[in-house]
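*Asks:* You'll find model.cif just under this line, and it carries mmCIF, N, CA and C atoms.
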data_work
#
loop_
_atom_site.label_atom_id
_atom_site.label_comp_id
_atom_site.auth_asym_id
_atom_site.auth_seq_id
_atom_site.Cartn_x
_atom_site.Cartn_y
_atom_site.Cartn_z
N MET A 1 203.19 135.19 -46.80
CA MET A 1 202.67 134.66 -45.56
C MET A 1 203.69 134.93 -44.45
N LYS A 2 203.20 135.30 -43.28
CA LYS A 2 204.04 135.59 -42.14
C LYS A 2 204.66 134.31 -41.59
N ASN A 3 205.92 134.38 -41.21
CA ASN A 3 206.60 133.23 -40.64
C ASN A 3 206.09 132.93 -39.25
N GLU A 4 205.91 131.66 -38.95
CA GLU A 4 205.53 131.23 -37.61
C GLU A 4 206.75 130.86 -36.79
N ILE A 5 207.85 130.52 -37.45
CA ILE A 5 209.07 130.13 -36.75
C ILE A 5 209.72 131.39 -36.19
N LYS A 6 209.98 131.38 -34.88
CA LYS A 6 210.66 132.48 -34.21
C LYS A 6 212.04 131.98 -33.81
N LEU A 7 213.07 132.58 -34.39
CA LEU A 7 214.43 132.11 -34.18
C LEU A 7 215.03 132.71 -32.91
N GLN A 8 215.85 131.92 -32.22
CA GLN A 8 216.42 132.33 -30.94
C GLN A 8 217.79 132.99 -31.07
N LYS A 9 218.49 132.74 -32.15
CA LYS A 9 219.85 133.25 -32.27
C LYS A 9 219.98 134.16 -33.48
N ASN A 10 221.17 134.28 -34.00
CA ASN A 10 221.49 135.22 -35.07
C ASN A 10 220.95 134.86 -36.44
N ASN A 11 220.21 133.77 -36.58
CA ASN A 11 219.71 133.37 -37.89
C ASN A 11 218.59 134.27 -38.40
N CYS A 12 218.07 135.14 -37.55
CA CYS A 12 216.97 136.01 -37.98
C CYS A 12 217.42 137.02 -39.03
N ASN A 13 218.74 137.13 -39.28
CA ASN A 13 219.19 138.05 -40.32
C ASN A 13 218.95 137.49 -41.72
N ARG A 14 218.56 136.21 -41.83
CA ARG A 14 218.17 135.64 -43.12
C ARG A 14 216.66 135.78 -43.26
N GLU A 15 216.22 136.32 -44.35
CA GLU A 15 214.79 136.50 -44.56
C GLU A 15 214.22 135.31 -45.33
N TRP A 16 214.16 134.16 -44.67
CA TRP A 16 213.66 132.94 -45.26
C TRP A 16 212.23 132.69 -44.81
N SER A 17 211.49 131.99 -45.65
CA SER A 17 210.14 131.55 -45.28
C SER A 17 210.26 130.32 -44.37
N ASP A 18 209.15 129.98 -43.72
CA ASP A 18 209.13 128.77 -42.89
C ASP A 18 209.50 127.53 -43.71
N VAL A 19 209.03 127.47 -44.95
CA VAL A 19 209.35 126.33 -45.81
C VAL A 19 210.86 126.23 -46.02
N GLU A 20 211.51 127.37 -46.26
CA GLU A 20 212.96 127.36 -46.49
C GLU A 20 213.72 126.91 -45.24
N TRP A 21 213.29 127.37 -44.06
CA TRP A 21 213.95 126.96 -42.81
C TRP A 21 213.78 125.46 -42.60
N ILE A 22 212.58 124.95 -42.79
CA ILE A 22 212.34 123.53 -42.55
C ILE A 22 213.02 122.68 -43.62
N GLN A 23 213.09 123.18 -44.86
CA GLN A 23 213.82 122.46 -45.91
C GLN A 23 215.30 122.37 -45.54
N GLU A 24 215.88 123.46 -45.01
CA GLU A 24 217.29 123.41 -44.59
C GLU A 24 217.48 122.37 -43.48
N PHE A 25 216.55 122.32 -42.51
CA PHE A 25 216.63 121.33 -41.43
C PHE A 25 216.46 119.92 -41.99
N HIS A 26 215.53 119.75 -42.91
CA HIS A 26 215.30 118.46 -43.58
C HIS A 26 216.59 118.01 -44.29
N ASP A 27 217.22 118.92 -45.02
CA ASP A 27 218.48 118.62 -45.70
C ASP A 27 219.59 118.28 -44.69
N PHE A 28 219.67 119.06 -43.59
CA PHE A 28 220.67 118.82 -42.56
C PHE A 28 220.55 117.41 -41.99
N LEU A 29 219.32 116.99 -41.71
CA LEU A 29 219.10 115.65 -41.16
C LEU A 29 219.52 114.55 -42.13
N GLN A 30 219.58 114.89 -43.42
CA GLN A 30 219.98 113.92 -44.45
C GLN A 30 221.47 114.03 -44.79
N GLY A 31 222.20 114.87 -44.05
CA GLY A 31 223.64 114.94 -44.23
C GLY A 31 224.14 116.13 -45.03
N GLU A 32 223.26 116.99 -45.49
CA GLU A 32 223.67 118.20 -46.21
C GLU A 32 223.85 119.32 -45.19
N ILE A 33 225.09 119.55 -44.80
CA ILE A 33 225.38 120.49 -43.72
C ILE A 33 225.79 121.84 -44.28
N SER A 34 225.20 122.89 -43.72
CA SER A 34 225.50 124.27 -44.10
C SER A 34 226.98 124.57 -43.83
N GLU A 35 227.52 125.51 -44.57
CA GLU A 35 228.94 125.85 -44.46
C GLU A 35 229.32 126.38 -43.08
N ASN A 36 228.38 126.91 -42.33
CA ASN A 36 228.67 127.50 -41.02
C ASN A 36 228.63 126.47 -39.89
N ILE A 37 228.24 125.24 -40.18
CA ILE A 37 228.07 124.23 -39.14
C ILE A 37 229.15 123.18 -39.28
N ARG A 38 229.75 122.83 -38.16
CA ARG A 38 230.79 121.79 -38.14
C ARG A 38 230.30 120.64 -37.25
N CYS A 39 229.95 119.52 -37.87
CA CYS A 39 229.53 118.33 -37.13
C CYS A 39 229.54 117.14 -38.06
N THR A 40 229.36 115.98 -37.48
CA THR A 40 229.29 114.76 -38.27
C THR A 40 227.88 114.64 -38.85
N PRO A 41 227.77 114.42 -40.16
CA PRO A 41 226.44 114.32 -40.78
C PRO A 41 225.66 113.11 -40.26
N LEU A 42 224.34 113.26 -40.22
CA LEU A 42 223.46 112.18 -39.78
C LEU A 42 223.13 111.20 -40.89
N ASN A 43 222.94 111.69 -42.10
CA ASN A 43 222.61 110.87 -43.27
C ASN A 43 221.32 110.06 -43.11
N LEU A 44 220.26 110.69 -42.64
CA LEU A 44 218.95 110.04 -42.55
C LEU A 44 218.31 109.99 -43.93
N THR A 45 217.36 109.11 -44.10
CA THR A 45 216.58 109.10 -45.34
C THR A 45 215.59 110.27 -45.30
N PRO A 46 215.03 110.68 -46.43
CA PRO A 46 214.01 111.73 -46.41
C PRO A 46 212.84 111.36 -45.50
N GLU A 47 212.45 110.10 -45.47
CA GLU A 47 211.33 109.67 -44.63
C GLU A 47 211.68 109.77 -43.14
N GLN A 48 212.90 109.39 -42.76
CA GLN A 48 213.33 109.51 -41.37
C GLN A 48 213.39 110.97 -40.95
N SER A 49 213.92 111.80 -41.83
CA SER A 49 214.00 113.23 -41.56
C SER A 49 212.60 113.84 -41.40
N SER A 50 211.71 113.45 -42.28
CA SER A 50 210.33 113.93 -42.22
C SER A 50 209.65 113.51 -40.92
N LEU A 51 209.95 112.33 -40.43
CA LEU A 51 209.39 111.84 -39.17
C LEU A 51 209.84 112.70 -38.00
N ILE A 52 211.10 113.09 -37.98
CA ILE A 52 211.61 113.97 -36.92
C ILE A 52 210.90 115.33 -37.00
N ILE A 53 210.76 115.86 -38.21
CA ILE A 53 210.07 117.15 -38.38
C ILE A 53 208.62 117.02 -37.92
N TRP A 54 207.96 115.94 -38.29
CA TRP A 54 206.58 115.71 -37.85
C TRP A 54 206.50 115.69 -36.33
N TYR A 55 207.43 115.01 -35.67
CA TYR A 55 207.44 114.92 -34.21
C TYR A 55 207.58 116.30 -33.59
N LEU A 56 208.46 117.13 -34.15
CA LEU A 56 208.64 118.49 -33.65
C LEU A 56 207.41 119.35 -33.91
N GLN A 57 206.67 119.05 -34.98
CA GLN A 57 205.43 119.77 -35.27
C GLN A 57 204.30 119.35 -34.33
N GLU A 58 204.10 118.07 -34.19
CA GLU A 58 202.93 117.56 -33.48
C GLU A 58 203.12 117.45 -31.97
N HIS A 59 204.29 117.03 -31.53
CA HIS A 59 204.48 116.78 -30.10
C HIS A 59 204.93 118.04 -29.35
N PHE A 60 205.86 118.78 -29.93
CA PHE A 60 206.40 119.96 -29.27
C PHE A 60 205.83 121.28 -29.81
N SER A 61 205.17 121.23 -30.95
CA SER A 61 204.65 122.45 -31.61
C SER A 61 205.75 123.49 -31.83
N ILE A 62 206.94 123.02 -32.16
CA ILE A 62 208.07 123.91 -32.42
C ILE A 62 208.02 124.43 -33.85
N LEU A 63 207.62 123.58 -34.77
CA LEU A 63 207.59 123.92 -36.20
C LEU A 63 206.14 123.97 -36.67
N PRO A 64 205.82 124.86 -37.60
CA PRO A 64 204.45 124.94 -38.11
C PRO A 64 204.02 123.62 -38.74
N ASP A 65 202.79 123.19 -38.46
CA ASP A 65 202.36 121.86 -38.93
C ASP A 65 201.78 121.85 -40.33
N HIS A 66 201.85 122.96 -41.04
CA HIS A 66 201.36 122.99 -42.42
C HIS A 66 202.49 122.84 -43.43
N ILE A 67 203.70 122.57 -42.94
CA ILE A 67 204.82 122.29 -43.83
C ILE A 67 204.92 120.77 -43.93
N GLU A 68 204.81 120.24 -45.12
CA GLU A 68 204.78 118.79 -45.35
C GLU A 68 205.89 118.39 -46.32
N MET A 69 206.23 117.12 -46.32
CA MET A 69 207.16 116.59 -47.31
C MET A 69 206.35 115.92 -48.41
N CYS A 70 206.63 116.27 -49.65
CA CYS A 70 205.99 115.62 -50.79
C CYS A 70 206.48 114.18 -50.87
N ASP A 71 205.55 113.24 -50.93
CA ASP A 71 205.92 111.83 -51.01
C ASP A 71 206.52 111.46 -52.36
N ASP A 72 206.40 112.34 -53.34
CA ASP A 72 206.93 112.07 -54.67
C ASP A 72 208.36 112.61 -54.83
N CYS A 73 208.54 113.93 -54.65
CA CYS A 73 209.87 114.54 -54.87
C CYS A 73 210.69 114.69 -53.59
N LYS A 74 210.08 114.43 -52.43
CA LYS A 74 210.74 114.47 -51.12
C LYS A 74 211.14 115.87 -50.68
N GLN A 75 210.62 116.92 -51.32
CA GLN A 75 210.88 118.29 -50.93
C GLN A 75 209.78 118.78 -49.99
N MET A 76 210.11 119.75 -49.15
CA MET A 76 209.13 120.32 -48.24
C MET A 76 208.29 121.36 -48.99
N TYR A 77 207.02 121.49 -48.60
CA TYR A 77 206.15 122.50 -49.20
C TYR A 77 205.14 122.96 -48.16
N ASP A 78 204.54 124.13 -48.40
CA ASP A 78 203.55 124.71 -47.49
C ASP A 78 202.16 124.30 -47.96
N SER A 79 201.51 123.44 -47.19
CA SER A 79 200.20 122.93 -47.60
C SER A 79 199.11 123.99 -47.52
N TYR A 80 199.38 125.14 -46.90
CA TYR A 80 198.41 126.24 -46.91
C TYR A 80 198.34 126.90 -48.28
N SER A 81 199.41 126.79 -49.06
CA SER A 81 199.43 127.49 -50.34
C SER A 81 199.50 126.59 -51.57
N GLU A 82 199.74 125.30 -51.39
CA GLU A 82 199.80 124.40 -52.54
C GLU A 82 199.66 122.96 -52.10
N GLY A 83 199.57 122.08 -53.07
CA GLY A 83 199.61 120.65 -52.84
C GLY A 83 198.32 120.06 -52.29
N CYS A 84 198.37 118.77 -51.99
CA CYS A 84 197.19 118.07 -51.49
C CYS A 84 197.61 116.81 -50.75
N TYR A 85 196.66 116.27 -50.01
CA TYR A 85 196.83 115.00 -49.33
C TYR A 85 195.65 114.13 -49.73
N TYR A 86 195.94 112.96 -50.29
CA TYR A 86 194.89 112.02 -50.66
C TYR A 86 194.84 110.92 -49.61
N GLU A 87 193.76 110.89 -48.87
CA GLU A 87 193.61 109.91 -47.80
C GLU A 87 193.62 108.47 -48.31
N ILE A 88 193.02 108.24 -49.49
CA ILE A 88 192.98 106.86 -50.00
C ILE A 88 194.37 106.34 -50.36
N GLU A 89 195.28 107.25 -50.68
CA GLU A 89 196.67 106.86 -50.94
C GLU A 89 197.53 106.97 -49.68
N GLY A 90 197.11 107.88 -48.79
CA GLY A 90 197.92 108.15 -47.61
C GLY A 90 199.20 108.90 -47.96
N LYS A 91 199.13 109.79 -48.97
CA LYS A 91 200.31 110.49 -49.45
C LYS A 91 200.05 111.98 -49.62
N PHE A 92 201.14 112.75 -49.40
CA PHE A 92 201.15 114.19 -49.64
C PHE A 92 201.81 114.45 -50.99
N TYR A 93 201.31 115.46 -51.71
CA TYR A 93 201.91 115.87 -52.97
C TYR A 93 202.02 117.39 -53.01
N CYS A 94 203.21 117.89 -53.37
CA CYS A 94 203.35 119.33 -53.58
C CYS A 94 202.64 119.70 -54.88
N GLY A 95 202.51 120.98 -55.14
CA GLY A 95 201.81 121.44 -56.33
C GLY A 95 202.43 120.91 -57.62
N ALA A 96 203.75 120.79 -57.66
CA ALA A 96 204.43 120.32 -58.87
C ALA A 96 204.22 118.83 -59.12
N CYS A 97 203.92 118.06 -58.07
CA CYS A 97 203.81 116.60 -58.20
C CYS A 97 202.38 116.08 -58.10
N GLU A 98 201.40 116.95 -57.91
CA GLU A 98 200.01 116.53 -57.73
C GLU A 98 199.54 115.58 -58.83
N ASP A 99 199.90 115.88 -60.07
CA ASP A 99 199.45 115.06 -61.20
C ASP A 99 200.05 113.66 -61.20
N ASN A 100 201.10 113.43 -60.42
CA ASN A 100 201.73 112.11 -60.35
C ASN A 100 200.96 111.13 -59.48
N SER A 101 199.97 111.63 -58.76
CA SER A 101 199.18 110.78 -57.87
C SER A 101 198.24 109.89 -58.68
N GLU A 102 197.92 108.75 -58.12
CA GLU A 102 196.91 107.86 -58.71
C GLU A 102 195.51 108.28 -58.27
N ALA A 103 195.44 109.23 -57.34
CA ALA A 103 194.16 109.70 -56.81
C ALA A 103 193.86 111.10 -57.33
N VAL A 104 192.61 111.50 -57.15
CA VAL A 104 192.15 112.82 -57.56
C VAL A 104 190.92 113.15 -56.72
N TYR A 105 190.56 114.43 -56.66
CA TYR A 105 189.33 114.82 -55.97
C TYR A 105 188.17 114.83 -56.95
N CYS A 106 187.01 114.39 -56.52
CA CYS A 106 185.79 114.48 -57.32
C CYS A 106 185.54 115.97 -57.59
N ASP A 107 185.28 116.32 -58.84
CA ASP A 107 185.07 117.73 -59.21
C ASP A 107 183.75 118.27 -58.68
N CYS A 108 182.91 117.41 -58.16
CA CYS A 108 181.62 117.84 -57.64
C CYS A 108 181.64 117.96 -56.11
N CYS A 109 182.00 116.89 -55.42
CA CYS A 109 181.91 116.87 -53.95
C CYS A 109 183.26 116.91 -53.25
N MET A 110 184.35 116.88 -54.00
CA MET A 110 185.72 116.95 -53.48
C MET A 110 186.15 115.73 -52.65
N THR A 111 185.45 114.62 -52.77
CA THR A 111 185.87 113.38 -52.14
C THR A 111 187.07 112.85 -52.92
N ASP A 112 188.08 112.31 -52.20
CA ASP A 112 189.18 111.76 -52.97
C ASP A 112 188.81 110.37 -53.48
N MET A 113 189.31 110.08 -54.67
CA MET A 113 188.94 108.86 -55.39
C MET A 113 190.10 108.47 -56.29
N TRP A 114 190.06 107.29 -56.84
CA TRP A 114 191.08 106.85 -57.79
C TRP A 114 190.80 107.45 -59.16
N LYS A 115 191.82 107.97 -59.80
CA LYS A 115 191.68 108.57 -61.14
C LYS A 115 191.06 107.59 -62.12
N LYS A 116 191.50 106.36 -62.09
CA LYS A 116 191.05 105.35 -63.06
C LYS A 116 189.55 105.08 -62.96
N ASP A 117 188.94 105.41 -61.82
CA ASP A 117 187.52 105.12 -61.61
C ASP A 117 186.58 106.26 -61.96
N GLY A 118 187.11 107.44 -62.25
CA GLY A 118 186.17 108.54 -62.32
C GLY A 118 186.21 109.50 -63.47
N ARG A 119 187.06 109.32 -64.46
CA ARG A 119 187.13 110.29 -65.57
C ARG A 119 185.88 110.20 -66.42
N ASN A 120 185.21 111.31 -66.62
CA ASN A 120 183.99 111.38 -67.42
C ASN A 120 184.32 111.84 -68.84
N ASP A 121 183.36 111.74 -69.73
CA ASP A 121 183.56 112.16 -71.12
C ASP A 121 183.90 113.65 -71.23
N ASP A 122 183.42 114.44 -70.27
CA ASP A 122 183.68 115.88 -70.31
C ASP A 122 185.04 116.26 -69.71
N GLY A 123 185.86 115.24 -69.35
CA GLY A 123 187.20 115.49 -68.80
C GLY A 123 187.21 115.74 -67.31
N MET A 124 186.06 115.70 -66.68
CA MET A 124 185.95 115.93 -65.24
C MET A 124 185.99 114.59 -64.52
N TYR A 125 186.32 114.64 -63.23
CA TYR A 125 186.33 113.43 -62.39
C TYR A 125 185.12 113.47 -61.46
N TYR A 126 184.34 112.39 -61.47
CA TYR A 126 183.17 112.28 -60.60
C TYR A 126 183.20 110.94 -59.88
N CYS A 127 182.93 110.98 -58.57
CA CYS A 127 182.80 109.74 -57.81
C CYS A 127 181.49 109.07 -58.23
N ASP A 128 181.30 107.83 -57.84
CA ASP A 128 180.11 107.07 -58.23
C ASP A 128 178.83 107.78 -57.80
N GLU A 129 178.83 108.31 -56.60
CA GLU A 129 177.63 109.00 -56.09
C GLU A 129 177.29 110.23 -56.93
N CYS A 130 178.30 111.00 -57.29
CA CYS A 130 178.04 112.21 -58.09
C CYS A 130 177.69 111.87 -59.55
N LYS A 131 178.21 110.75 -60.06
CA LYS A 131 177.82 110.31 -61.40
C LYS A 131 176.32 110.01 -61.43
N ILE A 132 175.82 109.36 -60.41
CA ILE A 132 174.39 109.04 -60.33
C ILE A 132 173.56 110.31 -60.24
N LYS A 133 173.98 111.24 -59.40
CA LYS A 133 173.26 112.51 -59.25
C LYS A 133 173.25 113.29 -60.56
N LYS A 134 174.37 113.25 -61.28
CA LYS A 134 174.48 113.97 -62.55
C LYS A 134 173.54 113.39 -63.61
N GLN A 135 173.29 112.08 -63.56
CA GLN A 135 172.41 111.43 -64.53
C GLN A 135 170.92 111.69 -64.23
N GLU A 136 170.60 112.03 -63.01
CA GLU A 136 169.18 112.23 -62.62
C GLU A 136 168.65 113.56 -63.11
#
What is this structure when it is put down as structure tokens?
*Replies:*
Amino acid sequence: MKNEIKLQKNNCNREWSDVEWIQEFHDFLQGEISENIRCTPLNLTPEQSSLIIWYLQEHFSILPDHIEMCDDCKQMYDSYSEGCYYEIEGKFYCGACEDNSEAVYCDCCMTDMWKKDGRNDDGMYYCDECKIKKQE
């Protein structure tokens, strides 16, 4: 995937993806400073760091808005190529952590639902509405 981040200085000599650049910024905000930078670390929490990244995505449109922080492992990921967001949980999950969610998508209509409410005998997940349709 083509990078959306356009760098202003000499950092363009690194061939990193947008996810890698934003992960480095996310780490920097949490106090992990690159060897080339000399400053006092901020030591923000992953959630505080993610909030700053979100603000730069939504308010200033500086960073691509499809890079999200996984609420489980706290790593950044590209939501265009992996992961999911379950509205009923209000959480993002990268591809590696998707199974850790208490929610799942209905295999028929793709509505998000609680896992505990929808597992069928065939191993598929169906919301109440799709269970009724399947029985008809």
*Asks:* DSSP on the backbone: what in chain A comes out strand (DSSP E or B), as a ChimeraX atom specification?
*Replies:* /A:67-69,76-78,84-86,91-93,103-105,112-114,119,125
*Asks:* Spell out the residues picked by the PyMOL selection byres (((chain A and resi 18-21 and name CA) around 12) and name CA) here, as a compact mmCIF listing (two decimals) with N, CA and C atoms, in the coordinates of the input.
*Replies:*
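Listing of expr00.txt after writing:
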# COMPACT_ATOMS: atom_id res chain seq x y z
N MET A 1 203.19 135.19 -46.80
CA MET A 1 202.67 134.66 -45.56
C MET A 1 203.69 134.93 -44.45
N LYS A 2 203.20 135.30 -43.28
CA LYS A 2 204.04 135.59 -42.14
C LYS A 2 204.66 134.31 -41.59
N ASN A 3 205.92 134.38 -41.21
CA ASN A 3 206.60 133.23 -40.64
C ASN A 3 206.09 132.93 -39.25
N GLU A 4 205.91 131.66 -38.95
CA GLU A 4 205.53 131.23 -37.61
C GLU A 4 206.75 130.86 -36.79
N ILE A 5 207.85 130.52 -37.45
CA ILE A 5 209.07 130.13 -36.75
C ILE A 5 209.72 131.39 -36.19
N LYS A 6 209.98 131.38 -34.88
CA LYS A 6 210.66 132.48 -34.21
C LYS A 6 212.04 131.98 -33.81
N LEU A 7 213.07 132.58 -34.39
CA LEU A 7 214.43 132.11 -34.18
C LEU A 7 215.03 132.71 -32.91
N ASN A 11 220.21 133.77 -36.58
CA ASN A 11 219.71 133.37 -37.89
C ASN A 11 218.59 134.27 -38.40
N CYS A 12 218.07 135.14 -37.55
CA CYS A 12 216.97 136.01 -37.98
C CYS A 12 217.42 137.02 -39.03
N ARG A 14 218.56 136.21 -41.83
CA ARG A 14 218.17 135.64 -43.12
C ARG A 14 216.66 135.78 -43.26
N GLU A 15 216.22 136.32 -44.35
CA GLU A 15 214.79 136.50 -44.56
C GLU A 15 214.22 135.31 -45.33
N TRP A 16 214.16 134.16 -44.67
CA TRP A 16 213.66 132.94 -45.26
C TRP A 16 212.23 132.69 -44.81
N SER A 17 211.49 131.99 -45.65
CA SER A 17 210.14 131.55 -45.28
C SER A 17 210.26 130.32 -44.37
N ILE A 22 212.58 124.95 -42.79
CA ILE A 22 212.34 123.53 -42.55
C ILE A 22 213.02 122.68 -43.62
N GLN A 23 213.09 123.18 -44.86
CA GLN A 23 213.82 122.46 -45.91
C GLN A 23 215.30 122.37 -45.54
N GLU A 24 215.88 123.46 -45.01
CA GLU A 24 217.29 123.41 -44.59
C GLU A 24 217.48 122.37 -43.48
N PHE A 25 216.55 122.32 -42.51
CA PHE A 25 216.63 121.33 -41.43
C PHE A 25 216.46 119.92 -41.99
N HIS A 26 215.53 119.75 -42.91
CA HIS A 26 215.30 118.46 -43.58
C HIS A 26 216.59 118.01 -44.29
N ASP A 27 217.22 118.92 -45.02
CA ASP A 27 218.48 118.62 -45.70
C ASP A 27 219.59 118.28 -44.69
N PHE A 28 219.67 119.06 -43.59
CA PHE A 28 220.67 118.82 -42.56
C PHE A 28 220.55 117.41 -41.99
N SER A 34 225.20 122.89 -43.72
CA SER A 34 225.50 124.27 -44.10
C SER A 34 226.98 124.57 -43.83
N ILE A 53 210.76 115.86 -38.21
CA ILE A 53 210.07 117.15 -38.38
C ILE A 53 208.62 117.02 -37.92
N ILE A 62 206.94 123.02 -32.16
CA ILE A 62 208.07 123.91 -32.42
C ILE A 62 208.02 124.43 -33.85
N LEU A 63 207.62 123.58 -34.77
CA LEU A 63 207.59 123.92 -36.20
C LEU A 63 206.14 123.97 -36.67
N PRO A 64 205.82 124.86 -37.60
CA PRO A 64 204.45 124.94 -38.11
C PRO A 64 204.02 123.62 -38.74
N ASP A 65 202.79 123.19 -38.46
CA ASP A 65 202.36 121.86 -38.93
C ASP A 65 201.78 121.85 -40.33
N HIS A 66 201.85 122.96 -41.04
CA HIS A 66 201.36 122.99 -42.42
C HIS A 66 202.49 122.84 -43.43
N ILE A 67 203.70 122.57 -42.94
CA ILE A 67 204.82 122.29 -43.83
C ILE A 67 204.92 120.77 -43.93
N GLU A 68 204.81 120.24 -45.12
CA GLU A 68 204.78 118.79 -45.35
C GLU A 68 205.89 118.39 -46.32
N MET A 69 206.23 117.12 -46.32
CA MET A 69 207.16 116.59 -47.31
C MET A 69 206.35 115.92 -48.41
N GLN A 75 210.62 116.92 -51.32
CA GLN A 75 210.88 118.29 -50.93
C GLN A 75 209.78 118.78 -49.99
N MET A 76 210.11 119.75 -49.15
CA MET A 76 209.13 120.32 -48.24
C MET A 76 208.29 121.36 -48.99
N TYR A 77 207.02 121.49 -48.60
CA TYR A 77 206.15 122.50 -49.20
C TYR A 77 205.14 122.96 -48.16
N ASP A 78 204.54 124.13 -48.40
CA ASP A 78 203.55 124.71 -47.49
C ASP A 78 202.16 124.30 -47.96
N SER A 79 201.51 123.44 -47.19
CA SER A 79 200.20 122.93 -47.60
C SER A 79 199.11 123.99 -47.52
N TYR A 80 199.38 125.14 -46.90
CA TYR A 80 198.41 126.24 -46.91
C TYR A 80 198.34 126.90 -48.28
N SER A 81 199.41 126.79 -49.06
CA SER A 81 199.43 127.49 -50.34
C SER A 81 199.50 126.59 -51.57
N GLU A 82 199.74 125.30 -51.39
CA GLU A 82 199.80 124.40 -52.54
C GLU A 82 199.66 122.96 -52.10
*Asks:* Place a sphere of radius 7 Å on (215.2, 115.0, -42.7) in the file coordinates and name every protein, DNA or RNA residue with an atom inside or on its surface, counting only C-alpha atoms; give the answer as a ChimeraX atom specification.
*Replies:* /A:25-30,44-50,52
*Asks:* Go through range 38-111 of chain A and collect every residue that DSSP, computed from the backbone, puts in helix (DSSP H, G or I); the answer should be as a list in words.
*Replies:*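 Reading the DSSP output for range 38-111 of chain A, helix (DSSP H, G or I) covers Pro46, Glu47, Gln48, Ser49, Ser50, Leu51, Ile52, Ile53, Trp54, Tyr55, Leu56, Gln57, Glu58, Glu98, Asp99 and Asn100 of chain A.
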*Asks:* For the atom pair atom N of Asp122 in chain A and atom C of Asp71 in chain A, what is the interatomic distance in Å to one decimal place?
*Replies:*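 Result for atom N of Asp122 in chain A versus atom C of Asp71 in chain A: 29.4 Å, one decimal.
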*Asks:* If I put a ball of radius 7 Å at (186.8, 115.3, -63.2) in the file's coordinates, which residues poke into it when counting only N, CA and C atoms, written as a list in words?
*Replies:*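 Within the cut-off we find Tyr105, Cys106, Asp107, Cys108, Gly118, Arg119, Asn120, Asp122, Gly123, Met124, Tyr125 and Tyr126 of chain A.
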*Asks:* Could you check how far CA of Thr111 in chain A sits from atom C of Ile88 in chain A, in Å to one decimal?
*Replies:* 11.2 Å
*Asks:* Selection in question (the file shown): the PyMOL selection byres ((chain A and resi 112) around 8). Which residues does it include, as a JSON list (two decimals) with N, CA and C atoms, keeping the file's coordinate frame?
*Replies:*
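For reference, part27.json as written:
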[["chain", "number", "residue", "atom", "x", "y", "z"],
["A", 85, "TYR", "N", 196.66, 116.27, -50.01],
["A", 85, "TYR", "CA", 196.83, 115.00, -49.33],
["A", 85, "TYR", "C", 195.65, 114.13, -49.73],
["A", 86, "TYR", "N", 195.94, 112.96, -50.29],
["A", 86, "TYR", "CA", 194.89, 112.02, -50.66],
["A", 86, "TYR", "C", 194.84, 110.92, -49.61],
["A", 87, "GLU", "N", 193.76, 110.89, -48.87],
["A", 87, "GLU", "CA", 193.61, 109.91, -47.80],
["A", 87, "GLU", "C", 193.62, 108.47, -48.31],
["A", 88, "ILE", "N", 193.02, 108.24, -49.49],
["A", 88, "ILE", "CA", 192.98, 106.86, -50.00],
["A", 88, "ILE", "C", 194.37, 106.34, -50.36],
["A", 89, "GLU", "N", 195.28, 107.25, -50.68],
["A", 89, "GLU", "CA", 196.67, 106.86, -50.94],
["A", 89, "GLU", "C", 197.53, 106.97, -49.68],
["A", 103, "ALA", "N", 195.44, 109.23, -57.34],
["A", 103, "ALA", "CA", 194.16, 109.70, -56.81],
["A", 103, "ALA", "C", 193.86, 111.10, -57.33],
["A", 104, "VAL", "N", 192.61, 111.50, -57.15],
["A", 104, "VAL", "CA", 192.15, 112.82, -57.56],
["A", 104, "VAL", "C", 190.92, 113.15, -56.72],
["A", 105, "TYR", "N", 190.56, 114.43, -56.66],
["A", 105, "TYR", "CA", 189.33, 114.82, -55.97],
["A", 105, "TYR", "C", 188.17, 114.83, -56.95],
["A", 106, "CYS", "N", 187.01, 114.39, -56.52],
["A", 106, "CYS", "CA", 185.79, 114.48, -57.32],
["A", 106, "CYS", "C", 185.54, 115.97, -57.59],
["A", 109, "CYS", "N", 182.00, 116.89, -55.42],
["A", 109, "CYS", "CA", 181.91, 116.87, -53.95],
["A", 109, "CYS", "C", 183.26, 116.91, -53.25],
["A", 110, "MET", "N", 184.35, 116.88, -54.00],
["A", 110, "MET", "CA", 185.72, 116.95, -53.48],
["A", 110, "MET", "C", 186.15, 115.73, -52.65],
["A", 111, "THR", "N", 185.45, 114.62, -52.77],
["A", 111, "THR", "CA", 185.87, 113.38, -52.14],
["A", 111, "THR", "C", 187.07, 112.85, -52.92],
["A", 113, "MET", "N", 189.31, 110.08, -54.67],
["A", 113, "MET", "CA", 188.94, 108.86, -55.39],
["A", 113, "MET", "C", 190.10, 108.47, -56.29],
["A", 114, "TRP", "N", 190.06, 107.29, -56.84],
["A", 114, "TRP", "CA", 191.08, 106.85, -57.79],
["A", 114, "TRP", "C", 190.80, 107.45, -59.16],
["A", 115, "LYS", "N", 191.82, 107.97, -59.80],
["A", 115, "LYS", "CA", 191.68, 108.57, -61.14],
["A", 115, "LYS", "C", 191.06, 107.59, -62.12],
["A", 127, "CYS", "N", 182.93, 110.98, -58.57],
["A", 127, "CYS", "CA", 182.80, 109.74, -57.81],
["A", 127, "CYS", "C", 181.49, 109.07, -58.23]]
*Asks:* How many Å separate atom N of Arg38 in chain A from atom N of Leu56 in chain A?
*Replies:*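 Separation of atom N of Arg38 in chain A and atom N of Leu56 in chain A: 22.4 Å.
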*Asks:* The PyMOL selection byres ((chain A and resi 72) around 7) on the file shown: which residues, as a list in words?
*Replies:*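 Selection result, ordered by chain and number: Met69, Cys70, Asp71, Cys73, Lys74, Gln75, Phe92, Tyr93, Cys94 and Cys97 of chain A.
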